[in-house]
Amino acid sequence: MRILIFGPPGSGKGTRARLISRLLKIPVITTGDMLRDEVSRGTEIGLKAKEYMDRGELVPDELVIRLVEERLHRPDCSGGFILDGFPRNLRQAEALDRILGEMGMELDLVLNVVVDPEIVVERLSLRRWCPKCGAIYNLKYDPPKVDEICDECGARLIQRSDDREEVVRRRLRVYEEQTKPVLELYIERGLVREIRGDIPIEEIPREVEEVLKPYLERD
Ligand code: AMP
């Protein structure tokens, strides 16, 4: 299956994307993680991307499109993938149409995680992220077993610098202005299913399985 997942920052789309990835055995492609990796390795793309990310703005399209195009051509994507964080604006959506068209692929499903923006600001202040494997925790609702240490790989967890409140508010504005129109496009194509971002963490797997069921039965 080829899936996109949408939702404002802090909606829990990353958690759901990882769950779906495990469930369907398809890779999750998270542009935010890919960009953070470029930044930490100090690559040319990373050096350019950092200033935009620190401000909570979108990184220039050419850079992100190049990363995603290269990633989608790797063999592990041939059986499907879940894209988290891309496309973020209409130019990126056009680029994705072109890339998939050239590869003879079509999207199966677009998930939209719906959550009240005010919940997001609190949630993100409590979010911790594993820079090594990308696992996500919430200090109040989903803490790691050992303080500040990733359950999955043992690395030390960090708070992302763009999870500070003023940057979160900018990211929410960017989402409303630039990413919502992309969602409209996929609604018109009849691809969008909504999932709720405000349910307790233990209910997430059941909801995800529910929404994927018709597609799993079809295959
Ligand atoms: P995220 O982890 O998805 O919240 O992304 C963190 C930051 O990475 C965003 O605020 C942007 O600066 C950048 N970013 C991630 N994905 C994209 C994208 N598709 N296009 C442009 N910038 C992106």
# chains A, B, ... in the order shown; residues from 1 in each chain; ligands from 1
>>> closest_atom_pairs(of="chain A", to="ligand 1", cutoff="9 Å", atoms="only C-alpha atoms and all ligand atoms", output="Markdown table")
| residue | atom | partner | partner_atom_place_in_ligand_line | distance |
| --- | --- | --- | --- | --- |
| A:Pro8 | CA | ligand 1 | 4 (O) | 8.1 |
| A:Pro9 | CA | ligand 1 | 4 (O) | 5.2 |
| A:Gly10 | CA | ligand 1 | 4 (O) | 7.7 |
| A:Gly14 | CA | ligand 1 | 3 (O) | 8.3 |
| A:Thr30 | CA | ligand 1 | 3 (O) | 7.0 |
| A:Thr31 | CA | ligand 1 | 16 (N) | 4.5 |
| A:Gly32 | CA | ligand 1 | 2 (O) | 3.7 |
| A:Asp33 | CA | ligand 1 | 2 (O) | 6.1 |
| A:Met34 | CA | ligand 1 | 15 (C) | 8.1 |
| A:Leu35 | CA | ligand 1 | 8 (O) | 6.2 |
| A:Arg36 | CA | ligand 1 | 8 (O) | 7.3 |
| A:Ala49 | CA | ligand 1 | 12 (O) | 7.2 |
| A:Lys50 | CA | ligand 1 | 12 (O) | 7.7 |
| A:Glu51 | CA | ligand 1 | 12 (O) | 8.4 |
| A:Tyr52 | CA | ligand 1 | 12 (O) | 5.3 |
| A:Met53 | CA | ligand 1 | 12 (O) | 3.5 |
| A:Asp54 | CA | ligand 1 | 12 (O) | 7.1 |
| A:Arg55 | CA | ligand 1 | 12 (O) | 7.4 |
| A:Gly56 | CA | ligand 1 | 10 (O) | 4.4 |
| A:Glu57 | CA | ligand 1 | 12 (O) | 4.8 |
| A:Leu58 | CA | ligand 1 | 22 (N) | 3.7 |
| A:Val59 | CA | ligand 1 | 22 (N) | 3.9 |
| A:Pro60 | CA | ligand 1 | 21 (C) | 6.1 |
| A:Asp61 | CA | ligand 1 | 20 (N) | 6.0 |
| A:Leu63 | CA | ligand 1 | 21 (C) | 8.2 |
| A:Val64 | CA | ligand 1 | 20 (N) | 5.6 |
| A:Ile65 | CA | ligand 1 | 19 (N) | 7.6 |
| A:Val68 | CA | ligand 1 | 19 (N) | 8.6 |
| A:Asp84 | CA | ligand 1 | 3 (O) | 7.1 |
| A:Gly85 | CA | ligand 1 | 3 (O) | 4.6 |
| A:Phe86 | CA | ligand 1 | 19 (N) | 4.0 |
| A:Pro87 | CA | ligand 1 | 19 (N) | 5.1 |
| A:Arg88 | CA | ligand 1 | 19 (N) | 4.7 |
| A:Asn89 | CA | ligand 1 | 20 (N) | 7.4 |
| A:Gln92 | CA | ligand 1 | 19 (N) | 7.2 |
| A:Asp162 | CA | ligand 1 | 10 (O) | 7.2 |
| A:Asp163 | CA | ligand 1 | 4 (O) | 8.7 |
| A:Val167 | CA | ligand 1 | 10 (O) | 8.5 |
| A:Val168 | CA | ligand 1 | 10 (O) | 8.5 |
| A:Arg170 | CA | ligand 1 | 10 (O) | 8.7 |
| A:Arg171 | CA | ligand 1 | 10 (O) | 5.9 |
| A:Val174 | CA | ligand 1 | 10 (O) | 8.4 |
>>> write_last_selection(atoms="N, CA and C atoms", output="compact mmCIF listing (two decimals), in the first residue's frame")
# COMPACT_ATOMS: atom_id res chain seq x y z
N PRO A 8 -1.41 18.20 11.75
CA PRO A 8 -0.55 19.29 12.20
C PRO A 8 0.59 18.75 13.05
N PRO A 9 1.64 19.56 13.26
CA PRO A 9 2.71 19.10 14.14
C PRO A 9 2.13 18.71 15.48
N GLY A 10 2.60 17.60 16.04
CA GLY A 10 2.11 17.18 17.36
C GLY A 10 0.79 16.45 17.33
N GLY A 14 3.36 10.82 13.48
CA GLY A 14 4.59 10.02 13.48
C GLY A 14 4.40 8.68 14.18
N THR A 30 9.96 9.66 6.65
CA THR A 30 9.61 10.85 7.42
C THR A 30 10.56 11.97 7.02
N THR A 31 10.04 12.95 6.28
CA THR A 31 10.96 13.97 5.75
C THR A 31 11.61 14.78 6.88
N GLY A 32 10.87 15.02 7.97
CA GLY A 32 11.45 15.74 9.10
C GLY A 32 12.67 15.01 9.66
N ASP A 33 12.56 13.68 9.83
CA ASP A 33 13.70 12.88 10.33
C ASP A 33 14.85 12.88 9.32
N MET A 34 14.50 12.78 8.04
CA MET A 34 15.56 12.78 7.02
C MET A 34 16.33 14.10 7.05
N LEU A 35 15.57 15.20 7.21
CA LEU A 35 16.23 16.51 7.25
C LEU A 35 17.05 16.67 8.52
N ARG A 36 16.51 16.19 9.66
CA ARG A 36 17.28 16.29 10.92
C ARG A 36 18.57 15.48 10.82
N ALA A 49 19.14 23.51 5.19
CA ALA A 49 17.82 23.28 5.79
C ALA A 49 17.70 23.85 7.21
N LYS A 50 18.81 23.86 7.93
CA LYS A 50 18.76 24.15 9.37
C LYS A 50 18.08 25.49 9.70
N GLU A 51 18.44 26.53 8.96
CA GLU A 51 17.89 27.85 9.32
C GLU A 51 16.36 27.88 9.17
N TYR A 52 15.85 27.20 8.15
CA TYR A 52 14.39 27.17 7.96
C TYR A 52 13.74 26.37 9.09
N MET A 53 14.34 25.24 9.41
CA MET A 53 13.76 24.36 10.44
C MET A 53 13.74 25.07 11.80
N ASP A 54 14.82 25.76 12.11
CA ASP A 54 14.89 26.47 13.40
C ASP A 54 13.81 27.55 13.51
N ARG A 55 13.42 28.10 12.35
CA ARG A 55 12.37 29.13 12.37
C ARG A 55 10.96 28.54 12.28
N GLY A 56 10.87 27.23 12.03
CA GLY A 56 9.55 26.61 11.88
C GLY A 56 8.95 26.81 10.50
N GLU A 57 9.82 27.15 9.54
CA GLU A 57 9.33 27.35 8.16
C GLU A 57 9.67 26.13 7.30
N LEU A 58 9.03 26.06 6.14
CA LEU A 58 9.32 24.94 5.25
C LEU A 58 10.69 25.12 4.60
N VAL A 59 11.42 24.04 4.50
CA VAL A 59 12.70 24.00 3.79
C VAL A 59 12.39 24.12 2.29
N PRO A 60 13.27 24.76 1.48
CA PRO A 60 12.96 24.91 0.05
C PRO A 60 12.58 23.58 -0.62
N ASP A 61 11.57 23.68 -1.49
CA ASP A 61 11.01 22.48 -2.11
C ASP A 61 12.06 21.60 -2.80
N LEU A 63 15.10 20.94 -2.27
CA LEU A 63 15.89 20.08 -1.38
C LEU A 63 15.09 18.86 -0.94
N VAL A 64 13.85 19.12 -0.50
CA VAL A 64 13.04 18.03 0.04
C VAL A 64 12.61 17.08 -1.08
N ILE A 65 12.25 17.63 -2.22
CA ILE A 65 11.81 16.80 -3.34
C ILE A 65 12.96 15.86 -3.76
N VAL A 68 13.20 13.02 -1.22
CA VAL A 68 12.08 12.06 -1.31
C VAL A 68 12.19 11.24 -2.59
N ASP A 84 5.40 10.40 5.63
CA ASP A 84 5.00 11.24 6.76
C ASP A 84 5.72 12.58 6.65
N GLY A 85 4.93 13.64 6.41
CA GLY A 85 5.55 14.98 6.35
C GLY A 85 5.78 15.48 4.93
N PHE A 86 5.30 14.76 3.96
CA PHE A 86 5.44 15.15 2.55
C PHE A 86 4.24 14.62 1.80
N PRO A 87 3.61 15.38 0.91
CA PRO A 87 3.91 16.75 0.51
C PRO A 87 3.34 17.79 1.48
N ARG A 88 4.06 18.89 1.64
CA ARG A 88 3.66 19.93 2.59
C ARG A 88 3.06 21.16 1.89
N ASN A 89 3.19 21.24 0.57
CA ASN A 89 2.55 22.35 -0.16
C ASN A 89 2.20 21.84 -1.57
N GLN A 92 4.98 20.56 -3.88
CA GLN A 92 5.47 19.22 -3.51
C GLN A 92 4.46 18.15 -3.94
N ASP A 162 12.72 22.88 17.65
CA ASP A 162 11.53 23.52 17.07
C ASP A 162 10.24 23.12 17.79
N ASP A 163 10.35 22.45 18.93
CA ASP A 163 9.16 22.17 19.76
C ASP A 163 8.94 23.26 20.81
N VAL A 167 7.91 28.59 18.12
CA VAL A 167 8.18 27.91 16.85
C VAL A 167 7.00 26.99 16.50
N VAL A 168 6.43 26.36 17.52
CA VAL A 168 5.26 25.49 17.28
C VAL A 168 4.13 26.31 16.67
N ARG A 170 4.32 29.00 14.86
CA ARG A 170 4.65 29.28 13.47
C ARG A 170 4.40 28.03 12.61
N ARG A 171 4.79 26.86 13.10
CA ARG A 171 4.60 25.62 12.33
C ARG A 171 3.12 25.35 12.11
N VAL A 174 2.00 27.65 9.32
CA VAL A 174 2.47 27.13 8.03
C VAL A 174 1.59 25.96 7.59
>>> residues_around(residues="segment 183-188 of chain A", least_positions_apart="6", cutoff="12 Å", atoms="only C-alpha atoms", output="PDB file with all heavy atoms, in the first residue's frame")
ATOM      1  N   ILE A   3       0.745   5.040   1.138  1.00  0.00           N
ATOM      2  CA  ILE A   3      -0.072   5.849   2.050  1.00  0.00           C
ATOM      3  C   ILE A   3       0.625   7.175   2.335  1.00  0.00           C
ATOM      4  O   ILE A   3       1.852   7.224   2.496  1.00  0.00           O
ATOM      5  CB  ILE A   3      -0.254   5.089   3.392  1.00  0.00           C
ATOM      6  CG1 ILE A   3      -0.837   3.695   3.150  1.00  0.00           C
ATOM      7  CG2 ILE A   3      -1.115   5.873   4.359  1.00  0.00           C
ATOM      8  CD1 ILE A   3      -0.884   2.817   4.399  1.00  0.00           C
ATOM      9  N   LEU A   4      -0.179   8.238   2.409  1.00  0.00           N
ATOM     10  CA  LEU A   4       0.332   9.511   2.952  1.00  0.00           C
ATOM     11  C   LEU A   4      -0.334   9.735   4.293  1.00  0.00           C
ATOM     12  O   LEU A   4      -1.486   9.362   4.480  1.00  0.00           O
ATOM     13  CB  LEU A   4      -0.038  10.701   2.055  1.00  0.00           C
ATOM     14  CG  LEU A   4       0.305  10.671   0.574  1.00  0.00           C
ATOM     15  CD1 LEU A   4      -0.105  12.010  -0.069  1.00  0.00           C
ATOM     16  CD2 LEU A   4       1.789  10.424   0.387  1.00  0.00           C
ATOM     17  N   ILE A   5       0.384  10.374   5.225  1.00  0.00           N
ATOM     18  CA  ILE A   5      -0.258  10.719   6.483  1.00  0.00           C
ATOM     19  C   ILE A   5      -0.101  12.217   6.744  1.00  0.00           C
ATOM     20  O   ILE A   5       0.990  12.764   6.642  1.00  0.00           O
ATOM     21  CB  ILE A   5       0.231   9.832   7.653  1.00  0.00           C
ATOM     22  CG1 ILE A   5      -0.598  10.084   8.910  1.00  0.00           C
ATOM     23  CG2 ILE A   5       1.708   9.987   7.923  1.00  0.00           C
ATOM     24  CD1 ILE A   5      -0.567   8.946   9.923  1.00  0.00           C
ATOM     25  N   PHE A   6      -1.249  12.864   6.999  1.00  0.00           N
ATOM     26  CA  PHE A   6      -1.300  14.304   7.250  1.00  0.00           C
ATOM     27  C   PHE A   6      -1.748  14.568   8.673  1.00  0.00           C
ATOM     28  O   PHE A   6      -2.459  13.767   9.275  1.00  0.00           O
ATOM     29  CB  PHE A   6      -2.330  14.980   6.324  1.00  0.00           C
ATOM     30  CG  PHE A   6      -1.807  15.223   4.946  1.00  0.00           C
ATOM     31  CD1 PHE A   6      -1.798  14.211   4.015  1.00  0.00           C
ATOM     32  CD2 PHE A   6      -1.332  16.475   4.587  1.00  0.00           C
ATOM     33  CE1 PHE A   6      -1.313  14.423   2.745  1.00  0.00           C
ATOM     34  CE2 PHE A   6      -0.855  16.703   3.315  1.00  0.00           C
ATOM     35  CZ  PHE A   6      -0.842  15.686   2.388  1.00  0.00           C
ATOM     36  N   GLY A   7      -1.414  15.742   9.154  1.00  0.00           N
ATOM     37  CA  GLY A   7      -1.849  16.166  10.479  1.00  0.00           C
ATOM     38  C   GLY A   7      -0.934  17.282  10.912  1.00  0.00           C
ATOM     39  O   GLY A   7       0.235  17.312  10.494  1.00  0.00           O
ATOM     40  N   PRO A   8      -1.414  18.203  11.747  1.00  0.00           N
ATOM     41  CA  PRO A   8      -0.552  19.289  12.199  1.00  0.00           C
ATOM     42  C   PRO A   8       0.594  18.752  13.052  1.00  0.00           C
ATOM     43  O   PRO A   8       0.523  17.611  13.530  1.00  0.00           O
ATOM     44  CB  PRO A   8      -1.491  20.171  13.030  1.00  0.00           C
ATOM     45  CG  PRO A   8      -2.638  19.306  13.386  1.00  0.00           C
ATOM     46  CD  PRO A   8      -2.760  18.276  12.318  1.00  0.00           C
ATOM     47  N   PHE A  86       5.300  14.760   3.963  1.00  0.00           N
ATOM     48  CA  PHE A  86       5.442  15.147   2.547  1.00  0.00           C
ATOM     49  C   PHE A  86       4.236  14.623   1.798  1.00  0.00           C
ATOM     50  O   PHE A  86       3.840  13.484   2.044  1.00  0.00           O
ATOM     51  CB  PHE A  86       6.729  14.536   1.975  1.00  0.00           C
ATOM     52  CG  PHE A  86       7.044  14.968   0.565  1.00  0.00           C
ATOM     53  CD1 PHE A  86       7.867  16.044   0.311  1.00  0.00           C
ATOM     54  CD2 PHE A  86       6.485  14.281  -0.516  1.00  0.00           C
ATOM     55  CE1 PHE A  86       8.150  16.435  -0.996  1.00  0.00           C
ATOM     56  CE2 PHE A  86       6.759  14.672  -1.812  1.00  0.00           C
ATOM     57  CZ  PHE A  86       7.597  15.740  -2.049  1.00  0.00           C
ATOM     58  N   PRO A  87       3.607  15.385   0.909  1.00  0.00           N
ATOM     59  CA  PRO A  87       3.906  16.752   0.509  1.00  0.00           C
ATOM     60  C   PRO A  87       3.338  17.790   1.484  1.00  0.00           C
ATOM     61  O   PRO A  87       2.270  17.596   2.037  1.00  0.00           O
ATOM     62  CB  PRO A  87       3.229  16.867  -0.869  1.00  0.00           C
ATOM     63  CG  PRO A  87       2.134  15.858  -0.861  1.00  0.00           C
ATOM     64  CD  PRO A  87       2.539  14.778   0.091  1.00  0.00           C
ATOM     65  N   ARG A  88       4.059  18.894   1.641  1.00  0.00           N
ATOM     66  CA  ARG A  88       3.660  19.935   2.585  1.00  0.00           C
ATOM     67  C   ARG A  88       3.061  21.157   1.886  1.00  0.00           C
ATOM     68  O   ARG A  88       2.566  22.065   2.548  1.00  0.00           O
ATOM     69  CB  ARG A  88       4.864  20.432   3.377  1.00  0.00           C
ATOM     70  CG  ARG A  88       5.387  19.479   4.417  1.00  0.00           C
ATOM     71  CD  ARG A  88       4.565  19.575   5.691  1.00  0.00           C
ATOM     72  NE  ARG A  88       5.281  20.002   6.863  1.00  0.00           N
ATOM     73  CZ  ARG A  88       6.005  19.227   7.651  1.00  0.00           C
ATOM     74  NH1 ARG A  88       6.161  17.958   7.380  1.00  0.00           N
ATOM     75  NH2 ARG A  88       6.567  19.713   8.723  1.00  0.00           N
ATOM     76  N   ASN A  89       3.188  21.243   0.568  1.00  0.00           N
ATOM     77  CA  ASN A  89       2.549  22.352  -0.164  1.00  0.00           C
ATOM     78  C   ASN A  89       2.195  21.841  -1.565  1.00  0.00           C
ATOM     79  O   ASN A  89       2.514  20.689  -1.921  1.00  0.00           O
ATOM     80  CB  ASN A  89       3.457  23.591  -0.199  1.00  0.00           C
ATOM     81  CG  ASN A  89       4.783  23.305  -0.896  1.00  0.00           C
ATOM     82  OD1 ASN A  89       4.882  22.386  -1.703  1.00  0.00           O
ATOM     83  ND2 ASN A  89       5.803  24.090  -0.578  1.00  0.00           N
ATOM     84  N   LEU A  90       1.528  22.720  -2.352  1.00  0.00           N
ATOM     85  CA  LEU A  90       1.013  22.237  -3.635  1.00  0.00           C
ATOM     86  C   LEU A  90       2.140  21.891  -4.626  1.00  0.00           C
ATOM     87  O   LEU A  90       2.003  20.958  -5.410  1.00  0.00           O
ATOM     88  CB  LEU A  90       0.040  23.254  -4.230  1.00  0.00           C
ATOM     89  CG  LEU A  90      -1.303  23.338  -3.482  1.00  0.00           C
ATOM     90  CD1 LEU A  90      -2.119  24.544  -3.939  1.00  0.00           C
ATOM     91  CD2 LEU A  90      -2.135  22.052  -3.659  1.00  0.00           C
ATOM     92  N   ARG A  91       3.253  22.616  -4.547  1.00  0.00           N
ATOM     93  CA  ARG A  91       4.371  22.281  -5.454  1.00  0.00           C
ATOM     94  C   ARG A  91       4.915  20.881  -5.162  1.00  0.00           C
ATOM     95  O   ARG A  91       5.265  20.135  -6.066  1.00  0.00           O
ATOM     96  CB  ARG A  91       5.504  23.301  -5.308  1.00  0.00           C
ATOM     97  CG  ARG A  91       5.370  24.430  -6.317  1.00  0.00           C
ATOM     98  CD  ARG A  91       6.615  25.272  -6.377  1.00  0.00           C
ATOM     99  NE  ARG A  91       7.761  24.619  -6.990  1.00  0.00           N
ATOM    100  CZ  ARG A  91       9.022  24.961  -6.760  1.00  0.00           C
ATOM    101  NH1 ARG A  91       9.305  25.915  -5.914  1.00  0.00           N
ATOM    102  NH2 ARG A  91      10.007  24.349  -7.381  1.00  0.00           N
ATOM    103  N   ALA A  93       3.169  18.488  -3.854  1.00  0.00           N
ATOM    104  CA  ALA A  93       2.144  17.528  -4.279  1.00  0.00           C
ATOM    105  C   ALA A  93       2.265  17.254  -5.779  1.00  0.00           C
ATOM    106  O   ALA A  93       2.150  16.105  -6.231  1.00  0.00           O
ATOM    107  CB  ALA A  93       0.746  18.051  -3.933  1.00  0.00           C
ATOM    108  N   GLU A  94       2.521  18.319  -6.558  1.00  0.00           N
ATOM    109  CA  GLU A  94       2.719  18.128  -8.005  1.00  0.00           C
ATOM    110  C   GLU A  94       3.944  17.258  -8.262  1.00  0.00           C
ATOM    111  O   GLU A  94       3.933  16.383  -9.127  1.00  0.00           O
ATOM    112  CB  GLU A  94       2.972  19.487  -8.685  1.00  0.00           C
ATOM    113  CG  GLU A  94       1.715  20.240  -9.010  1.00  0.00           C
ATOM    114  CD  GLU A  94       2.042  21.682  -9.425  1.00  0.00           C
ATOM    115  OE1 GLU A  94       3.139  21.935  -9.961  1.00  0.00           O
ATOM    116  OE2 GLU A  94       1.186  22.548  -9.167  1.00  0.00           O
ATOM    117  N   ASP A  97       3.120  13.670  -7.636  1.00  0.00           N
ATOM    118  CA  ASP A  97       2.370  13.111  -8.776  1.00  0.00           C
ATOM    119  C   ASP A  97       3.329  12.715  -9.899  1.00  0.00           C
ATOM    120  O   ASP A  97       3.219  11.637 -10.487  1.00  0.00           O
ATOM    121  CB  ASP A  97       1.375  14.147  -9.327  1.00  0.00           C
ATOM    122  CG  ASP A  97       0.099  14.215  -8.497  1.00  0.00           C
ATOM    123  OD1 ASP A  97      -0.130  13.297  -7.684  1.00  0.00           O
ATOM    124  OD2 ASP A  97      -0.654  15.191  -8.650  1.00  0.00           O
ATOM    125  N   LEU A 107      -1.297   6.425  -5.435  1.00  0.00           N
ATOM    126  CA  LEU A 107      -1.558   6.411  -3.995  1.00  0.00           C
ATOM    127  C   LEU A 107      -2.814   5.598  -3.715  1.00  0.00           C
ATOM    128  O   LEU A 107      -3.772   5.628  -4.490  1.00  0.00           O
ATOM    129  CB  LEU A 107      -1.784   7.840  -3.481  1.00  0.00           C
ATOM    130  CG  LEU A 107      -0.565   8.747  -3.499  1.00  0.00           C
ATOM    131  CD1 LEU A 107      -0.975  10.169  -3.127  1.00  0.00           C
ATOM    132  CD2 LEU A 107       0.497   8.227  -2.527  1.00  0.00           C
ATOM    133  N   ASP A 108      -2.817   4.885  -2.560  1.00  0.00           N
ATOM    134  CA  ASP A 108      -3.996   4.119  -2.166  1.00  0.00           C
ATOM    135  C   ASP A 108      -4.830   4.862  -1.139  1.00  0.00           C
ATOM    136  O   ASP A 108      -6.050   4.739  -1.118  1.00  0.00           O
ATOM    137  CB  ASP A 108      -3.572   2.789  -1.526  1.00  0.00           C
ATOM    138  CG  ASP A 108      -2.841   1.916  -2.513  1.00  0.00           C
ATOM    139  OD1 ASP A 108      -3.486   1.488  -3.483  1.00  0.00           O
ATOM    140  OD2 ASP A 108      -1.633   1.688  -2.339  1.00  0.00           O
ATOM    141  N   LEU A 109      -4.163   5.605  -0.259  1.00  0.00           N
ATOM    142  CA  LEU A 109      -4.866   6.145   0.896  1.00  0.00           C
ATOM    143  C   LEU A 109      -4.126   7.355   1.458  1.00  0.00           C
ATOM    144  O   LEU A 109      -2.892   7.385   1.496  1.00  0.00           O
ATOM    145  CB  LEU A 109      -4.914   5.038   1.973  1.00  0.00           C
ATOM    146  CG  LEU A 109      -5.470   5.357   3.348  1.00  0.00           C
ATOM    147  CD1 LEU A 109      -6.961   5.693   3.256  1.00  0.00           C
ATOM    148  CD2 LEU A 109      -5.265   4.169   4.298  1.00  0.00           C
ATOM    149  N   VAL A 110      -4.924   8.345   1.894  1.00  0.00           N
ATOM    150  CA  VAL A 110      -4.352   9.502   2.593  1.00  0.00           C
ATOM    151  C   VAL A 110      -5.034   9.583   3.952  1.00  0.00           C
ATOM    152  O   VAL A 110      -6.257   9.735   4.031  1.00  0.00           O
ATOM    153  CB  VAL A 110      -4.588  10.809   1.797  1.00  0.00           C
ATOM    154  CG1 VAL A 110      -4.069  12.016   2.575  1.00  0.00           C
ATOM    155  CG2 VAL A 110      -3.921  10.726   0.427  1.00  0.00           C
ATOM    156  N   LEU A 111      -4.259   9.451   5.013  1.00  0.00           N
ATOM    157  CA  LEU A 111      -4.823   9.538   6.360  1.00  0.00           C
ATOM    158  C   LEU A 111      -4.643  10.950   6.877  1.00  0.00           C
ATOM    159  O   LEU A 111      -3.588  11.563   6.717  1.00  0.00           O
ATOM    160  CB  LEU A 111      -4.107   8.559   7.292  1.00  0.00           C
ATOM    161  CG  LEU A 111      -4.349   7.093   6.998  1.00  0.00           C
ATOM    162  CD1 LEU A 111      -3.454   6.222   7.865  1.00  0.00           C
ATOM    163  CD2 LEU A 111      -5.818   6.738   7.225  1.00  0.00           C
ATOM    164  N   ASN A 112      -5.700  11.469   7.508  1.00  0.00           N
ATOM    165  CA  ASN A 112      -5.621  12.804   8.098  1.00  0.00           C
ATOM    166  C   ASN A 112      -5.874  12.694   9.598  1.00  0.00           C
ATOM    167  O   ASN A 112      -6.965  12.318  10.018  1.00  0.00           O
ATOM    168  CB  ASN A 112      -6.668  13.707   7.444  1.00  0.00           C
ATOM    169  CG  ASN A 112      -6.626  15.109   8.018  1.00  0.00           C
ATOM    170  OD1 ASN A 112      -5.574  15.570   8.459  1.00  0.00           O
ATOM    171  ND2 ASN A 112      -7.765  15.787   8.017  1.00  0.00           N
ATOM    172  N   VAL A 113      -4.858  13.003  10.394  1.00  0.00           N
ATOM    173  CA  VAL A 113      -5.003  12.937  11.851  1.00  0.00           C
ATOM    174  C   VAL A 113      -5.536  14.286  12.329  1.00  0.00           C
ATOM    175  O   VAL A 113      -4.886  15.319  12.165  1.00  0.00           O
ATOM    176  CB  VAL A 113      -3.662  12.621  12.541  1.00  0.00           C
ATOM    177  CG1 VAL A 113      -3.873  12.409  14.026  1.00  0.00           C
ATOM    178  CG2 VAL A 113      -3.002  11.406  11.916  1.00  0.00           C
ATOM    179  N   VAL A 114      -6.746  14.258  12.903  1.00  0.00           N
ATOM    180  CA  VAL A 114      -7.426  15.503  13.273  1.00  0.00           C
ATOM    181  C   VAL A 114      -7.253  15.765  14.763  1.00  0.00           C
ATOM    182  O   VAL A 114      -7.532  14.900  15.593  1.00  0.00           O
ATOM    183  CB  VAL A 114      -8.941  15.392  12.962  1.00  0.00           C
ATOM    184  CG1 VAL A 114      -9.653  16.704  13.283  1.00  0.00           C
ATOM    185  CG2 VAL A 114      -9.150  15.014  11.510  1.00  0.00           C
ATOM    186  N   TYR A 175       1.212  25.128   8.546  1.00  0.00           N
ATOM    187  CA  TYR A 175       0.367  23.970   8.222  1.00  0.00           C
ATOM    188  C   TYR A 175      -0.975  24.435   7.668  1.00  0.00           C
ATOM    189  O   TYR A 175      -1.428  23.960   6.623  1.00  0.00           O
ATOM    190  CB  TYR A 175       0.159  23.095   9.472  1.00  0.00           C
ATOM    191  CG  TYR A 175      -0.625  21.844   9.152  1.00  0.00           C
ATOM    192  CD1 TYR A 175      -0.004  20.756   8.557  1.00  0.00           C
ATOM    193  CD2 TYR A 175      -1.988  21.767   9.410  1.00  0.00           C
ATOM    194  CE1 TYR A 175      -0.725  19.616   8.220  1.00  0.00           C
ATOM    195  CE2 TYR A 175      -2.714  20.636   9.080  1.00  0.00           C
ATOM    196  CZ  TYR A 175      -2.081  19.562   8.487  1.00  0.00           C
ATOM    197  OH  TYR A 175      -2.798  18.447   8.148  1.00  0.00           O
ATOM    198  N   GLU A 176      -1.604  25.394   8.372  1.00  0.00           N
ATOM    199  CA  GLU A 176      -2.910  25.916   7.932  1.00  0.00           C
ATOM    200  C   GLU A 176      -2.819  26.509   6.535  1.00  0.00           C
ATOM    201  O   GLU A 176      -3.653  26.253   5.668  1.00  0.00           O
ATOM    202  CB  GLU A 176      -3.396  27.023   8.889  1.00  0.00           C
ATOM    203  CG  GLU A 176      -3.985  26.517  10.178  1.00  0.00           C
ATOM    204  CD  GLU A 176      -5.260  25.698   9.959  1.00  0.00           C
ATOM    205  OE1 GLU A 176      -6.098  26.104   9.145  1.00  0.00           O
ATOM    206  OE2 GLU A 176      -5.375  24.636  10.600  1.00  0.00           O
ATOM    207  N   GLU A 177      -1.780  27.330   6.310  1.00  0.00           N
ATOM    208  CA  GLU A 177      -1.714  28.101   5.067  1.00  0.00           C
ATOM    209  C   GLU A 177      -1.237  27.261   3.878  1.00  0.00           C
ATOM    210  O   GLU A 177      -1.744  27.398   2.782  1.00  0.00           O
ATOM    211  CB  GLU A 177      -0.758  29.290   5.243  1.00  0.00           C
ATOM    212  CG  GLU A 177      -1.346  30.345   6.168  1.00  0.00           C
ATOM    213  CD  GLU A 177      -0.297  31.388   6.594  1.00  0.00           C
ATOM    214  OE1 GLU A 177       0.816  31.399   6.026  1.00  0.00           O
ATOM    215  OE2 GLU A 177      -0.604  32.154   7.505  1.00  0.00           O
ATOM    216  N   GLU A 194     -10.264  10.141   7.751  1.00  0.00           N
ATOM    217  CA  GLU A 194      -9.839  10.859   8.959  1.00  0.00           C
ATOM    218  C   GLU A 194      -9.616   9.899  10.116  1.00  0.00           C
ATOM    219  O   GLU A 194     -10.345   8.926  10.275  1.00  0.00           O
ATOM    220  CB  GLU A 194     -10.907  11.879   9.352  1.00  0.00           C
ATOM    221  CG  GLU A 194     -10.977  13.017   8.371  1.00  0.00           C
ATOM    222  CD  GLU A 194     -11.705  14.227   8.916  1.00  0.00           C
ATOM    223  OE1 GLU A 194     -12.442  14.101   9.911  1.00  0.00           O
ATOM    224  OE2 GLU A 194     -11.536  15.308   8.318  1.00  0.00           O
TER     225      GLU A 194
END
>>> select_by_dssp(residues="segment 87-158 of chain A", states="strand (DSSP E)", output="ChimeraX atom specification")
/A:109-114,127-129,136-138
>>> residues_around(residues="segment 208-217 of chain A", least_positions_apart="3", cutoff="9 Å", atoms="only C-alpha atoms", output="list in words")
Met1, Arg16, Leu19, Ile20, Leu23, Leu24, Asp108, Leu109, Leu111, Arg193, Glu194, Ile195, Glu203, Ile204 and Pro205 of chain A
>>> write_last_selection(atoms="C-alpha atoms", output="short mmCIF file (atom, residue, chain, number, x, y, z; two decimals), in the first residue's frame")
data_model
loop_
_atom_site.label_atom_id
_atom_site.label_comp_id
_atom_site.auth_asym_id
_atom_site.auth_seq_id
_atom_site.Cartn_x
_atom_site.Cartn_y
_atom_site.Cartn_z
CA MET A 1 0.00 0.00 0.00
CA ARG A 16 0.69 6.25 13.79
CA LEU A 19 2.62 1.63 13.76
CA ILE A 20 1.33 1.26 10.21
CA LEU A 23 1.70 -3.60 10.68
CA LEU A 24 2.05 -3.58 6.90
CA ASP A 108 -4.00 4.12 -2.17
CA LEU A 109 -4.87 6.15 0.90
CA LEU A 111 -4.82 9.54 6.36
CA ARG A 193 -9.83 9.03 5.64
CA GLU A 194 -9.84 10.86 8.96
CA ILE A 195 -8.46 9.47 12.21
CA GLU A 203 -6.53 2.96 21.68
CA ILE A 204 -4.35 4.04 18.76
CA PRO A 205 -3.48 0.54 17.42
#
